[in-house]
Amino acid sequence: MARPATITISLVFMVSCGANNDTRDIPLPNWLLDSGAEVLTDASEGDNAVTDPGPDACIPDCADRDCGDDGCGGTCGSCFGDLVCNWDTGICEAACTDPFEPDDDPSNDNDLTPDVQQEHTICPDTDQDWFAITLDIPSAVSVKITTSKQASIDVYLLDQDKTEIDSTSTMGGSGLVQAAKLPAGTYFLKAKSGDDTETNPRYWVVFERACAPDCAGVQCGDDGCGGICDSCPDGFECKPDEGCVSGCKDPFEPDNDPELSTLLLPDTPATQSLCPSDDKDWFSFDLDMQSDIQIWVTTQAQWKVDVMLFDTDMVELDSAISDTGYANINADALAAGRYFLLIKATDGDIQIPAYKVQYGFKCAPMCDGKECGDDGCGGTCGSCGDFLECGEEGLCLSSCIDSVDQAGSDDDEAHAGFLAIQDSTDSHSICPADDVDWFRFSLPWTLADVTIETFGAMGNTEMWLYDADLTEIDSDDDSGVGQFSKITVPDIPGGSYYVRLKAVDDLAQVPQYTISLKAACSPSCQGRVCGTDGCSPGSACGTCAFGYVCTAEGQCVSGCVDQVDKTKPDNESASANLIFDGETISTHSICPGDDVDWYVFTVTQKPDVDVVVETLSANLDVWLYDSGLVELDSNTTKPSGKAKLHVGALAEGIYYVKVAAGEDSQVPVYTITLDQN
C-alpha cells in the first residue's frame, strides 16, 4: 500500500460576477483531508491557494473495492447492516463470530451436554474449536456434526491423552464420530477447517450417549447398566473381584466308604456334592423282595459323574456315566437285600457342587398332556426350544425377559429410551406379551427423510410414530422383514418424536428384536426466496437485492429504514429538515423507494451556494428551489455517486433542496453538505 505523500496544490478558481473578478477559496476534497498527506499552499496565490500536487502525489485507488484502505490513508467506503470490511480484499463480508471463543485448545474447551445442540463457526480459517465430553459411566458415544454441503470440517474424537479414537470430515453436509463403548472419564472433540472449504463455515454439533454394559474381564455380577454380566452355576456364588467361587458343601459327610453310606428311600431324591474334587459318596438302599429298579443321577451338563451299583458283597453289578447331565441304571430281578451305590467325579479333579440321586421301582412313564419335564419314572417328556422353559405343568413357557424393564421401565413416553440416528441395538424384548416399549429421537434439521425399522428372528411387531405432542403421524404392522414393522416418512419437520412398539394383538412375546433409525436432511426452498434450505446454512435458497434482508421465513423485506421519517416526516417542503452553512448530514435514507427528503436553509447575503449529495448507490436526483418552489438547479448522482448544485449570488431568503431516488429504488444512506461561499 502506498504511503501518504506530501502534496502541494495550486488552483485558481475565478468567478465572474458582473464586471468584477473575484478569487474564491476552494474547499479541499474529503479524501485529501482524510488521507493524512501534508498539504502545502502556495502563498503567492493568496492564503487559500494550493500548488500543483506534482508527479509524486499519492493517488487514491478504490478500483474493485467497496470499503477499506484507499492506499492514501483514506477509505473506499463503509459496510452496512451485519457486514464487515475485509481490509485485504476491500469487500464487505459477513461477520465471523463465535460466542464460544476462546476455545482454541483443551484448556479452554466447551462442555458438550448430551442431546443439546451447539452452533459454532470456524473463524478465521486457521481456527480450532475444542470440546469436552464427560462420562460418569461406561457409555456408547456418538457426535453428529452438520454444516453446509460446501464446507469441509475435520473432526476428531480423542481420549484423555489426546489419542485419536475416531475422525470424520463433513464435506457433503454432515459427519459422525462415535465409539461403541468408552470407560467413564473425560474425552475431547477437536474441529478445524478441512481442505477446499468455504470461508468461515458455520456448523452444528450434538452429542449423544447410551449406557454401555461393561463385562470385560468380569465373570458375573453387575454390568454397570443395571443388568448382570452372567450368573454363577449351582454350587457357586459371585463375589466382587473374584467372580464365581465354589460354595460347595456336602451336609451328608462323612460318606466316603460303604460303612458310612447314606441310606436312600424309594422315590426320594437326595441332593449332595462332591467336595473336594477327590470326594466319593456312598449310598445304600434295601429291598425286602425281588424287584426291578431304576437308578438315575442328574447334574448340570458340564459336570460328569461315574455311577456304580454293588451288591451286599461289594460285587459290581452295573455302571453308568452321566452324559449331558443325566445317568441311568436299570437293574431287573434284584434279590432282596442291601445294595450300594458309589458316585464320584468322572474327571477326578473337579468339584461338583450339586447333583441329585434317586432310585425307584420301575414304572410306566406318564407324559400325557406334557411337553417337557419329569415322566414320573426318572426320565423326561421332552425339552423346550430357544427362549422357552419348562413350567410346573410340563408345558414349554416363554423365558423371555426384557432387560430394560428390569433395570427401570420404558413402558410410557415419560421413560422412553433414546434412539440415535444410524443406531441399532439387540438388547430389547417385548415380555410379557402385553409389554410396550417406547423410544424417543430428535431431528436437528428443518426437514428430514426418516426410516424406522425392527428386525428379529421370531415375533410380530406393530409400531406407531408420534410427534412431540403425541399426535400420531404413521403406524405399521408388517412392512419390514417377515412380520416385523417398518415406517418411512419423507419431509418430516425437525424436532422431537416418539416411537411406540408392541407385539401384534397382545398375543405373543417378541423375545429379541433390533430397532434402527435412519434419517437424512431433506433440503427444501418451497415458499422461500432466500436463506437456508434447512440443511445447508447460508443463502441456499437465494439472496436478497441490495437494501433488502432475508427473514427467518425466507422472505426478502426492506432493510432500509429512514430514521428521520420515523420521528419527524420530511416528505414535504412544509416539514423540511433545517440544514446550516458548512453542515454535512449523513444519517438520511430514501426508504421506501418512493420516499422524498426535503431540506431548508436561509441565505442572509448574496453568496454562491454549493449543495453536494453523495451516495454509494449512484441513483439520487437533487433539486434546488427558491421560497416559491421555483426550480433553480438540479443534478443526479449518476454515474459517479456524487451530485453537486452550484448557484451564484442568491438573494436573501429561504431556499429548499429536494432529494429523491431515481427509478423508485431504495437508498439506505446518503450524505448532503451545504456550503455558502
# chains A, B, ... in the order shown; residues from 1 in each chain; ligands from 1
>>> residues_around(residues="Tyr548 in chain A", least_positions_apart="6", cutoff="7 Å", atoms="only C-alpha atoms", output="PyMOL selection string")
chain A and resi 556-560
>>> write_last_selection(atoms="N, CA and C atoms", output="compact mmCIF listing (two decimals), in the first residue's frame")
# COMPACT_ATOMS: atom_id res chain seq x y z
N CYS A 556 -37.72 -11.80 1.42
CA CYS A 556 -36.93 -10.58 1.35
C CYS A 556 -37.80 -9.38 1.74
N VAL A 557 -37.37 -8.67 2.76
CA VAL A 557 -38.07 -7.46 3.19
C VAL A 557 -37.07 -6.32 3.22
N SER A 558 -37.59 -5.14 3.17
CA SER A 558 -36.71 -3.98 3.13
C SER A 558 -35.87 -3.90 4.40
N GLY A 559 -34.58 -3.71 4.18
CA GLY A 559 -33.69 -3.48 5.31
C GLY A 559 -33.38 -2.01 5.47
N CYS A 560 -34.04 -1.24 4.64
CA CYS A 560 -33.78 0.20 4.61
C CYS A 560 -34.77 0.91 5.52
>>> residues_around(residues="range 576-589 of chain A", least_positions_apart="6", cutoff="7 Å", atoms="only C-alpha atoms", output="PyMOL selection string")
chain A and resi 561-562+564+570+598-601+667-676
>>> write_last_selection(atoms="all heavy atoms", output="compact mmCIF listing (two decimals), in the first residue's frame")
# COMPACT_ATOMS: atom_id res chain seq x y z
N VAL A 561 -34.30 1.70 6.48
CA VAL A 561 -35.16 2.43 7.42
C VAL A 561 -34.72 3.88 7.46
O VAL A 561 -33.54 4.19 7.67
CB VAL A 561 -35.10 1.81 8.83
CG1 VAL A 561 -35.97 2.63 9.79
CG2 VAL A 561 -35.53 0.36 8.79
N ASP A 562 -35.67 4.79 7.19
CA ASP A 562 -35.38 6.22 7.29
C ASP A 562 -35.68 6.65 8.72
O ASP A 562 -36.84 6.83 9.11
CB ASP A 562 -36.23 7.01 6.29
CG ASP A 562 -35.75 8.46 6.17
OD1 ASP A 562 -35.26 8.99 7.18
OD2 ASP A 562 -35.87 9.03 5.07
N VAL A 564 -35.17 9.40 10.18
CA VAL A 564 -35.76 10.75 10.30
C VAL A 564 -37.27 10.68 10.14
O VAL A 564 -38.04 11.27 10.90
CB VAL A 564 -35.13 11.69 9.26
CG1 VAL A 564 -35.80 13.06 9.30
CG2 VAL A 564 -33.64 11.82 9.51
N ASP A 570 -40.28 14.10 6.66
CA ASP A 570 -39.74 15.24 5.91
C ASP A 570 -40.06 15.09 4.43
O ASP A 570 -39.26 15.42 3.56
CB ASP A 570 -38.23 15.35 6.13
CG ASP A 570 -37.49 14.08 5.73
OD1 ASP A 570 -38.14 13.10 5.30
OD2 ASP A 570 -36.24 14.06 5.84
N TRP A 598 -36.86 16.53 2.11
CA TRP A 598 -36.77 17.97 1.86
C TRP A 598 -35.87 18.62 2.91
O TRP A 598 -35.86 18.22 4.09
CB TRP A 598 -38.16 18.61 1.94
CG TRP A 598 -39.00 18.39 0.72
CD1 TRP A 598 -39.74 17.31 0.43
CD2 TRP A 598 -39.14 19.30 -0.37
NE1 TRP A 598 -40.36 17.44 -0.78
CE2 TRP A 598 -40.02 18.68 -1.31
CE3 TRP A 598 -38.66 20.58 -0.67
CZ2 TRP A 598 -40.38 19.29 -2.50
CZ3 TRP A 598 -39.03 21.18 -1.85
CH2 TRP A 598 -39.87 20.54 -2.77
N TYR A 599 -35.11 19.63 2.48
CA TYR A 599 -34.22 20.40 3.35
C TYR A 599 -34.50 21.89 3.11
O TYR A 599 -34.90 22.31 2.01
CB TYR A 599 -32.75 20.11 3.05
CG TYR A 599 -32.39 18.67 3.23
CD1 TYR A 599 -32.55 17.76 2.17
CD2 TYR A 599 -31.87 18.19 4.43
CE1 TYR A 599 -32.23 16.43 2.32
CE2 TYR A 599 -31.54 16.87 4.59
CZ TYR A 599 -31.72 15.99 3.54
OH TYR A 599 -31.39 14.67 3.70
N VAL A 600 -34.28 22.72 4.13
CA VAL A 600 -34.49 24.16 4.03
C VAL A 600 -33.29 24.87 4.64
O VAL A 600 -32.72 24.40 5.64
CB VAL A 600 -35.80 24.57 4.73
CG1 VAL A 600 -35.76 24.25 6.21
CG2 VAL A 600 -36.07 26.07 4.51
N PHE A 601 -32.85 25.98 4.00
CA PHE A 601 -31.76 26.78 4.56
C PHE A 601 -32.04 28.25 4.26
O PHE A 601 -32.86 28.60 3.39
CB PHE A 601 -30.40 26.33 4.02
CG PHE A 601 -30.23 26.53 2.53
CD1 PHE A 601 -29.68 27.70 2.01
CD2 PHE A 601 -30.59 25.50 1.64
CE1 PHE A 601 -29.51 27.85 0.64
CE2 PHE A 601 -30.41 25.66 0.29
CZ PHE A 601 -29.88 26.84 -0.23
N VAL A 667 -32.39 3.83 -1.20
CA VAL A 667 -31.01 4.27 -0.97
C VAL A 667 -30.80 4.24 0.55
O VAL A 667 -31.30 5.11 1.27
CB VAL A 667 -30.75 5.68 -1.52
CG1 VAL A 667 -29.31 6.11 -1.22
CG2 VAL A 667 -31.03 5.73 -3.01
N PRO A 668 -30.10 3.19 1.05
CA PRO A 668 -30.01 3.02 2.51
C PRO A 668 -29.38 4.21 3.23
O PRO A 668 -29.72 4.49 4.36
CB PRO A 668 -29.17 1.75 2.66
CG PRO A 668 -29.37 1.01 1.37
CD PRO A 668 -29.50 2.07 0.33
N VAL A 669 -28.41 4.90 2.59
CA VAL A 669 -27.77 6.02 3.27
C VAL A 669 -27.15 6.95 2.22
O VAL A 669 -26.68 6.50 1.18
CB VAL A 669 -26.70 5.52 4.27
CG1 VAL A 669 -25.55 4.84 3.56
CG2 VAL A 669 -26.19 6.68 5.13
N TYR A 670 -27.20 8.26 2.53
CA TYR A 670 -26.51 9.23 1.69
C TYR A 670 -26.10 10.41 2.56
O TYR A 670 -26.58 10.57 3.70
CB TYR A 670 -27.39 9.68 0.52
CG TYR A 670 -28.59 10.52 0.92
CD1 TYR A 670 -28.51 11.91 1.00
CD2 TYR A 670 -29.81 9.91 1.21
CE1 TYR A 670 -29.60 12.67 1.37
CE2 TYR A 670 -30.91 10.66 1.57
CZ TYR A 670 -30.80 12.05 1.65
OH TYR A 670 -31.88 12.80 2.02
N THR A 671 -25.22 11.27 2.04
CA THR A 671 -24.80 12.47 2.77
C THR A 671 -25.15 13.70 1.94
O THR A 671 -25.13 13.67 0.71
CB THR A 671 -23.29 12.46 3.06
OG1 THR A 671 -22.58 12.51 1.82
CG2 THR A 671 -22.89 11.20 3.81
N ILE A 672 -25.48 14.80 2.65
CA ILE A 672 -25.76 16.08 1.98
C ILE A 672 -24.98 17.16 2.71
O ILE A 672 -24.94 17.19 3.95
CB ILE A 672 -27.27 16.39 1.96
CG1 ILE A 672 -27.51 17.71 1.24
CG2 ILE A 672 -27.87 16.38 3.34
CD1 ILE A 672 -29.00 17.97 0.97
N THR A 673 -24.30 18.04 1.94
CA THR A 673 -23.46 19.10 2.51
C THR A 673 -23.88 20.45 1.92
O THR A 673 -24.09 20.57 0.70
CB THR A 673 -21.98 18.84 2.21
OG1 THR A 673 -21.61 17.57 2.75
CG2 THR A 673 -21.10 19.92 2.82
N LEU A 674 -24.02 21.47 2.78
CA LEU A 674 -24.35 22.83 2.34
C LEU A 674 -23.13 23.72 2.59
O LEU A 674 -22.58 23.74 3.70
CB LEU A 674 -25.56 23.38 3.12
CG LEU A 674 -25.89 24.85 2.86
CD1 LEU A 674 -26.34 25.05 1.41
CD2 LEU A 674 -26.97 25.32 3.83
N ASP A 675 -22.73 24.44 1.56
CA ASP A 675 -21.57 25.34 1.69
C ASP A 675 -21.92 26.66 1.02
O ASP A 675 -22.13 26.74 -0.19
CB ASP A 675 -20.34 24.71 1.03
CG ASP A 675 -19.08 25.47 1.35
OD1 ASP A 675 -19.15 26.43 2.15
OD2 ASP A 675 -18.02 25.11 0.80
N GLN A 676 -22.04 27.74 1.83
CA GLN A 676 -22.31 29.09 1.31
C GLN A 676 -20.99 29.85 1.24
O GLN A 676 -20.32 30.03 2.27
CB GLN A 676 -23.30 29.82 2.21
CG GLN A 676 -24.66 29.13 2.31
CD GLN A 676 -25.64 29.90 3.18
OE1 GLN A 676 -25.43 31.07 3.49
NE2 GLN A 676 -26.72 29.23 3.56
>>> residues_around(residues="Asp127 in chain A", least_positions_apart="4", cutoff="12 Å", atoms="only C-alpha atoms", output="JSON, numbers by chain")
{"A": [96, 97, 98, 101, 102, 103, 104, 105, 120, 121, 122, 123, 153, 154, 190, 191, 192, 193, 194, 199, 200, 201]}
>>> residues_around(residues="Pro493 in chain A", least_positions_apart="6", cutoff="12 Å", atoms="only C-alpha atoms", output="list in words")
Ser442, Leu443, Pro444, Trp445, Thr446, Leu447, Ala448, Asp449, Val450, Asp467, Ala468, Ile473, Ala519, Ala520, Cys521, Ser522, Pro523, Ser524, Gly534 and Cys535 of chain A
>>> atom_distance(atom1="CA of Leu334 in chain A", atom2="CA of Asp288 in chain A")
10.2 Å
>>> select_by_dssp(residues="range 147-385 of chain A", states="strand (DSSP E)", output="count of residues only")
112
>>> residues_around(residues="Asp313 in chain A", least_positions_apart="3", cutoff="12 Å", atoms="only C-alpha atoms", output="ChimeraX atom specification")
/A:258,309-310,316-317,337-340
>>> residues_around(residues="Thr461 in chain A", least_positions_apart="6", cutoff="12 Å", atoms="only C-alpha atoms", output="PyMOL selection string")
chain A and resi 429-430+433-437+453-455+475-487+500-515
>>> closest_residue(among="A:Thr324, A:Leu342, A:Trp296, A:Ser665", to="Thr262 in chain A", atoms="only C-alpha atoms")
A:Leu342
>>> atom_distance(atom1="CA of Asp136 in chain A", atom2="CA of Ala184 in chain A")
5.0 Å
>>> select_by_dssp(residues="range 387-607 of chain A", states="helix (DSSP H, G or I)", output="list in words")
Ser403, Val404, Asp405, Gln406, Ala407, Glu413, Ala414, His415, Val504, Asp505, Asp506, Gln563, Val564, Asp565, Lys566, Thr567, Ser573, Ala574 and Ser575 of chain A
>>> write_last_selection(atoms="all heavy atoms", output="CSV table (one decimal), in the first residue's frame")
chain,number,residue,atom,x,y,z
A,403,SER,N,-34.7,-56.9,29.6
A,403,SER,CA,-33.7,-56.4,30.5
A,403,SER,C,-33.9,-54.9,30.7
A,403,SER,O,-33.5,-54.4,31.8
A,403,SER,CB,-32.3,-56.6,29.9
A,403,SER,OG,-32.2,-56.0,28.6
A,404,VAL,N,-34.4,-54.1,29.8
A,404,VAL,CA,-34.7,-52.7,30.0
A,404,VAL,C,-35.7,-52.5,31.1
A,404,VAL,O,-35.5,-51.7,32.0
A,404,VAL,CB,-35.1,-52.0,28.7
A,404,VAL,CG1,-35.4,-50.5,29.0
A,404,VAL,CG2,-34.0,-52.1,27.7
A,405,ASP,N,-36.8,-53.3,31.0
A,405,ASP,CA,-37.8,-53.2,32.1
A,405,ASP,C,-37.3,-53.6,33.4
A,405,ASP,O,-37.8,-53.1,34.5
A,405,ASP,CB,-39.1,-54.0,31.7
A,405,ASP,CG,-39.9,-53.3,30.6
A,405,ASP,OD1,-39.7,-52.1,30.5
A,405,ASP,OD2,-40.8,-53.9,30.0
A,406,GLN,N,-36.4,-54.6,33.4
A,406,GLN,CA,-35.8,-55.0,34.7
A,406,GLN,C,-35.0,-53.9,35.3
A,406,GLN,O,-35.0,-53.7,36.6
A,406,GLN,CB,-34.9,-56.2,34.5
A,406,GLN,CG,-35.6,-57.5,34.3
A,406,GLN,CD,-34.7,-58.7,34.4
A,406,GLN,OE1,-33.5,-58.6,34.0
A,406,GLN,NE2,-35.2,-59.8,35.0
A,407,ALA,N,-34.3,-53.1,34.5
A,407,ALA,CA,-33.4,-52.0,35.0
A,407,ALA,C,-34.3,-50.8,35.4
A,407,ALA,O,-33.9,-50.0,36.3
A,407,ALA,CB,-32.4,-51.6,34.0
A,413,GLU,N,-44.2,-42.9,27.4
A,413,GLU,CA,-43.4,-41.9,26.8
A,413,GLU,C,-42.4,-41.1,27.8
A,413,GLU,O,-41.4,-40.7,27.4
A,413,GLU,CB,-44.2,-40.8,26.0
A,413,GLU,CG,-45.1,-39.9,26.9
A,413,GLU,CD,-46.4,-40.5,27.4
A,413,GLU,OE1,-46.6,-41.7,27.2
A,413,GLU,OE2,-47.2,-39.8,28.0
A,414,ALA,N,-42.9,-41.0,29.0
A,414,ALA,CA,-42.0,-40.3,30.0
A,414,ALA,C,-40.7,-41.1,30.3
A,414,ALA,O,-39.8,-40.5,30.8
A,414,ALA,CB,-42.8,-40.1,31.3
A,415,HIS,N,-40.7,-42.4,30.0
A,415,HIS,CA,-39.5,-43.2,30.3
A,415,HIS,C,-38.9,-43.7,29.0
A,415,HIS,O,-38.2,-44.8,29.0
A,415,HIS,CB,-39.8,-44.3,31.3
A,415,HIS,CG,-40.3,-43.8,32.6
A,415,HIS,ND1,-41.6,-43.6,32.9
A,415,HIS,CD2,-39.6,-43.5,33.7
A,415,HIS,CE1,-41.8,-43.2,34.1
A,415,HIS,NE2,-40.6,-43.1,34.7
A,504,VAL,N,-48.1,-57.8,18.1
A,504,VAL,CA,-49.4,-57.7,17.5
A,504,VAL,C,-50.5,-58.4,18.3
A,504,VAL,O,-50.3,-59.5,18.8
A,504,VAL,CB,-49.4,-58.3,16.0
A,504,VAL,CG1,-50.8,-58.3,15.4
A,504,VAL,CG2,-48.4,-57.4,15.2
A,505,ASP,N,-51.6,-57.7,18.5
A,505,ASP,CA,-52.8,-58.3,19.2
A,505,ASP,C,-52.5,-58.7,20.6
A,505,ASP,O,-53.3,-59.4,21.2
A,505,ASP,CB,-53.3,-59.5,18.4
A,505,ASP,CG,-53.8,-59.1,17.0
A,505,ASP,OD1,-54.2,-57.9,16.8
A,505,ASP,OD2,-53.7,-60.0,16.1
A,506,ASP,N,-51.4,-58.2,21.2
A,506,ASP,CA,-51.0,-58.6,22.6
A,506,ASP,C,-51.1,-60.1,22.9
A,506,ASP,O,-51.3,-60.5,24.0
A,506,ASP,CB,-52.0,-57.9,23.6
A,506,ASP,CG,-51.9,-56.4,23.5
A,506,ASP,OD1,-50.8,-55.9,23.1
A,506,ASP,OD2,-52.8,-55.7,23.9
A,563,GLN,N,-34.6,6.8,9.5
A,563,GLN,CA,-34.8,7.1,11.0
A,563,GLN,C,-35.4,8.5,11.1
A,563,GLN,O,-36.1,8.7,12.1
A,563,GLN,CB,-33.4,7.0,11.7
A,563,GLN,CG,-32.8,5.7,11.6
A,563,GLN,CD,-33.6,4.6,12.4
A,563,GLN,OE1,-34.3,5.0,13.3
A,563,GLN,NE2,-33.4,3.4,12.0
A,564,VAL,N,-35.2,9.4,10.2
A,564,VAL,CA,-35.8,10.7,10.3
A,564,VAL,C,-37.3,10.7,10.1
A,564,VAL,O,-38.0,11.3,10.9
A,564,VAL,CB,-35.1,11.7,9.3
A,564,VAL,CG1,-35.8,13.1,9.3
A,564,VAL,CG2,-33.6,11.8,9.5
A,565,ASP,N,-37.7,9.9,9.1
A,565,ASP,CA,-39.2,9.8,8.9
A,565,ASP,C,-39.9,9.1,10.1
A,565,ASP,O,-41.0,9.4,10.4
A,565,ASP,CB,-39.4,9.0,7.6
A,565,ASP,CG,-39.3,9.9,6.4
A,565,ASP,OD1,-39.2,11.1,6.5
A,565,ASP,OD2,-39.2,9.3,5.3
A,566,LYS,N,-39.1,8.3,10.8
A,566,LYS,CA,-39.8,7.6,11.9
A,566,LYS,C,-40.1,8.6,13.1
A,566,LYS,O,-41.1,8.4,13.8
A,566,LYS,CB,-38.8,6.5,12.5
A,566,LYS,CG,-38.7,5.3,11.6
A,566,LYS,CD,-37.7,4.3,12.1
A,566,LYS,CE,-38.1,3.7,13.5
A,566,LYS,NZ,-37.1,2.7,13.9
A,567,THR,N,-39.3,9.6,13.2
A,567,THR,CA,-39.5,10.6,14.3
A,567,THR,C,-40.2,11.9,13.8
A,567,THR,O,-40.9,12.5,14.5
A,567,THR,CB,-38.2,10.9,15.0
A,567,THR,OG1,-37.3,11.5,14.0
A,567,THR,CG2,-37.6,9.7,15.6
A,573,SER,N,-42.1,20.1,1.6
A,573,SER,CA,-41.3,21.3,1.9
A,573,SER,C,-41.8,21.9,3.3
A,573,SER,O,-40.9,22.5,4.0
A,573,SER,CB,-41.5,22.3,0.8
A,573,SER,OG,-42.9,22.7,0.6
A,574,ALA,N,-43.0,21.7,3.6
A,574,ALA,CA,-43.5,22.3,4.9
A,574,ALA,C,-42.9,21.7,6.1
A,574,ALA,O,-42.8,22.3,7.2
A,574,ALA,CB,-45.0,22.2,4.9
A,575,SER,N,-42.4,20.4,6.0
A,575,SER,CA,-41.8,19.7,7.1
A,575,SER,C,-40.3,19.5,6.8
A,575,SER,O,-39.7,18.5,7.2
A,575,SER,CB,-42.5,18.4,7.4
A,575,SER,OG,-42.5,17.6,6.2
